[in-house]
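All remarks here apply to the structure that follows.
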Amino acid sequence: MTQVTISWLIYTLTGSAWLLGLNGFLQFLPTLILAPFSGVLSDRWSKRDLLIVVQVLGTVASLILTTLSFLQLVNFWWLMTFSIWGGLLKGLDMPVRYAIVIETVDNRDHLNNAIALYSAMLSSSMLIGPAIGGLLLAKLGANYCFLYDSLSYVVALLTLILMRLAPTAKLDVSGSNTWQKLQEGFSYIYNVLPIRAILLLLALNGLVGVAHVALFPIFASDILKGGGDTMGFLSAAGSVGSVVGCLYLSLRRQVLGLEKLMALCPAISGIGLIAFALSRQVWLSLLILVIIGGAGMLLVSCGNTIVQTLVEDDKRGRVMSLYSLSIIGTLPLSSLIAGSLAQYIGAPNTVIASGIICLLESIWFARQLPLLTSWIKIKTNLPKVAAQ
């Protein structure tokens, strides 16, 4: 929610596509740096306590931004500062959220369904949050976006405080240090080829598949000739597709087959991005974004479900930190490249190029499916085939 509002205000204040891209770069750069260390922390300490600390820090930052907004003291530099602060908190928060799901499930027979439901809800919140922010921005203004965001932290804190989780074994840190544990996590992912392929696909998708989001202010004002309400609708459209994806994944119990869906999602996104770049009608652009949003959510959620199924428990925190890093780690570069390219070749041409690359991603990942399918069958005790 805050990200949408800050992006819109920056473009409104500056009118610069490059500064819009720079904001996205600085917003996610701290996440890129902190996410691997957060994974080590979540293997060592209480994930619930770590999340509470992050929520408290987020509450303080959001309240400060809300106060400055109502006092009309917000300027470009304040907005950039809070973008960076938000990136720091996200780098600490996301890996822990992904890893804690196992501790919330008592019956392991329900694990696959729980992972699917949890990842679908988490991924859709990344779309629904900005959507709500866009709608509030259109109807009430930036002040109330920041205020609502501040109040939402209270609900999150209460939820975490009420959690009662069974104690779990923590990482044995005797004779080792953080760098050694990070190296173990990287080595594990490199050697487990299916996980490596999934993380690479998600990283490539983060680089080009969501670049259009950073350019929403340009499409809303310059391409579709709208205002804050159009920005809100563009931000909200993707959440409609994500809700449909949520329902599908929450009802699905089998992990096998999700890998094929992962291969299809980038192709759908690629075609959708090209169509979105060519559209000059608001209603058509919104319809296309619904499809892109659904495909993007399914890609991330299917990847989460498969990785959580394949990974060993003692490495879960570190692997999930690198999983979250693969999703958002390329976003700083994505936003910067998208903003820079849009400055020179225009936003539509930039999005078309992104769509073409997404199509190539789909072809590459489809070639990894036999290996990925065999690993899933082995891990879920289905009829086994020889792992390649």
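Identifiers for the structure tokens are assigned positionally: chains receive A, B, ... in sequence, residues are indexed from 1 per chain, and ligands are indexed from 1 in the order shown.
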
Test item, alpha helix (DSSP H) assignment across segment 173-318 of chain A, answer as a ChimeraX atom specification: /A:178-191,193-204,211-214,216-218,228-251,258-278,282-310,316-318

Store the residues picked out above in a file with C-alpha atoms, as a short mmCIF file (atom, residue, chain, number, x, y, z; two decimals), in the first residue's frame.
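Contents of the output file part-v8.cif:
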```cif
data_model
loop_
_atom_site.label_atom_id
_atom_site.label_comp_id
_atom_site.auth_asym_id
_atom_site.auth_seq_id
_atom_site.Cartn_x
_atom_site.Cartn_y
_atom_site.Cartn_z
CA THR A 178 26.98 -16.73 10.00
CA TRP A 179 29.11 -16.74 6.86
CA GLN A 180 29.61 -20.50 7.08
CA LYS A 181 25.88 -21.07 7.41
CA LEU A 182 25.20 -18.78 4.47
CA GLN A 183 27.72 -20.71 2.40
CA GLU A 184 26.03 -23.99 3.36
CA GLY A 185 22.70 -22.60 2.19
CA PHE A 186 24.10 -21.44 -1.16
CA SER A 187 25.88 -24.78 -1.68
CA TYR A 188 22.72 -26.73 -0.89
CA ILE A 189 20.66 -24.78 -3.42
CA TYR A 190 23.37 -25.07 -6.08
CA ASN A 191 23.54 -28.85 -5.69
CA LEU A 193 19.04 -28.79 -9.22
CA PRO A 194 15.22 -28.52 -9.05
CA ILE A 195 15.37 -25.84 -6.35
CA ARG A 196 18.08 -24.04 -8.27
CA ALA A 197 15.94 -24.01 -11.43
CA ILE A 198 12.90 -22.67 -9.57
CA LEU A 199 14.85 -19.88 -7.90
CA LEU A 200 16.44 -18.89 -11.19
CA LEU A 201 13.04 -18.70 -12.89
CA LEU A 202 11.65 -16.55 -10.07
CA ALA A 203 14.71 -14.28 -10.24
CA LEU A 204 14.27 -13.80 -13.98
CA ALA A 211 8.77 -4.21 -14.43
CA HIS A 212 5.46 -2.79 -15.62
CA VAL A 213 4.37 -2.13 -12.02
CA ALA A 214 7.08 0.51 -11.60
CA PHE A 216 2.07 2.32 -13.63
CA PRO A 217 2.14 6.09 -12.96
CA ILE A 218 3.30 6.67 -16.54
CA GLY A 228 -5.13 9.02 -9.46
CA ASP A 229 -8.27 6.95 -9.95
CA THR A 230 -6.78 5.24 -13.00
CA MET A 231 -3.63 4.55 -11.01
CA GLY A 232 -5.79 2.97 -8.33
CA PHE A 233 -7.63 0.77 -10.81
CA LEU A 234 -4.40 -0.40 -12.44
CA SER A 235 -2.99 -1.32 -9.04
CA ALA A 236 -6.19 -3.13 -8.06
CA ALA A 237 -6.67 -5.15 -11.24
CA GLY A 238 -4.00 -7.74 -10.50
CA SER A 239 -5.59 -8.68 -7.19
CA VAL A 240 -8.70 -9.98 -8.95
CA GLY A 241 -6.63 -12.61 -10.73
CA SER A 242 -4.75 -13.38 -7.53
CA VAL A 243 -7.98 -14.19 -5.69
CA VAL A 244 -8.91 -16.75 -8.33
CA GLY A 245 -5.44 -18.26 -8.06
CA CYS A 246 -5.77 -18.37 -4.27
CA LEU A 247 -8.97 -20.36 -4.45
CA TYR A 248 -7.45 -22.82 -6.91
CA LEU A 249 -4.27 -23.45 -4.91
CA SER A 250 -6.01 -23.68 -1.53
CA LEU A 251 -8.27 -26.47 -2.82
CA LEU A 258 2.44 -27.48 -10.09
CA GLU A 259 5.76 -27.53 -11.94
CA LYS A 260 3.89 -27.61 -15.27
CA LEU A 261 1.77 -24.69 -14.16
CA MET A 262 4.98 -22.81 -13.29
CA ALA A 263 6.23 -23.31 -16.85
CA LEU A 264 3.00 -21.95 -18.28
CA CYS A 265 2.75 -18.83 -16.10
CA PRO A 266 5.64 -16.84 -17.65
CA ALA A 267 4.20 -17.42 -21.13
CA ILE A 268 0.82 -16.08 -20.00
CA SER A 269 2.51 -13.08 -18.40
CA GLY A 270 4.60 -12.43 -21.51
CA ILE A 271 1.60 -12.36 -23.84
CA GLY A 272 -0.27 -10.23 -21.32
CA LEU A 273 2.55 -7.70 -21.01
CA ILE A 274 2.75 -7.23 -24.77
CA ALA A 275 -1.02 -6.74 -24.94
CA PHE A 276 -0.94 -4.29 -22.00
CA ALA A 277 1.76 -2.21 -23.70
CA LEU A 278 -0.33 -1.95 -26.87
CA VAL A 282 -8.59 1.55 -19.64
CA TRP A 283 -11.06 -1.35 -19.51
CA LEU A 284 -8.87 -3.52 -21.74
CA SER A 285 -5.74 -2.70 -19.76
CA LEU A 286 -7.51 -3.67 -16.54
CA LEU A 287 -8.66 -6.99 -17.99
CA ILE A 288 -5.14 -7.79 -19.14
CA LEU A 289 -3.70 -6.91 -15.71
CA VAL A 290 -6.15 -9.33 -14.09
CA ILE A 291 -4.62 -12.14 -16.17
CA ILE A 292 -1.05 -10.99 -15.54
CA GLY A 293 -1.71 -10.71 -11.81
CA GLY A 294 -3.15 -14.20 -11.62
CA ALA A 295 -0.25 -15.71 -13.55
CA GLY A 296 2.30 -13.90 -11.41
CA MET A 297 0.72 -15.03 -8.16
CA LEU A 298 0.48 -18.63 -9.33
CA LEU A 299 4.14 -18.61 -10.36
CA VAL A 300 5.36 -17.42 -6.95
CA SER A 301 2.97 -19.62 -4.96
CA CYS A 302 3.67 -22.78 -6.94
CA GLY A 303 7.38 -22.16 -6.51
CA ASN A 304 6.93 -21.73 -2.77
CA THR A 305 4.93 -24.95 -2.46
CA ILE A 306 7.42 -27.02 -4.44
CA VAL A 307 10.49 -25.63 -2.67
CA GLN A 308 8.93 -26.13 0.78
CA THR A 309 8.19 -29.73 -0.21
CA LEU A 310 11.71 -30.47 -1.42
CA ARG A 316 14.51 -24.34 5.53
CA GLY A 317 15.18 -20.85 6.92
CA ARG A 318 18.20 -20.26 4.73
#
```

For Arg252 of chain A, the nearest of the candidates A:His110, A:Leu224, A:Leu331, A:Leu160, counting only C-alpha atoms: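 Among A:His110, A:Leu224, A:Leu331, A:Leu160, it is A:His110 that comes nearest to Arg252 of chain A.
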
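The smallest atom-to-atom distance between Lys379 of chain A and any of A:Leu117, A:Leu207, A:Glu312, A:Leu162, using only C-alpha atoms, is found for A:Glu312.
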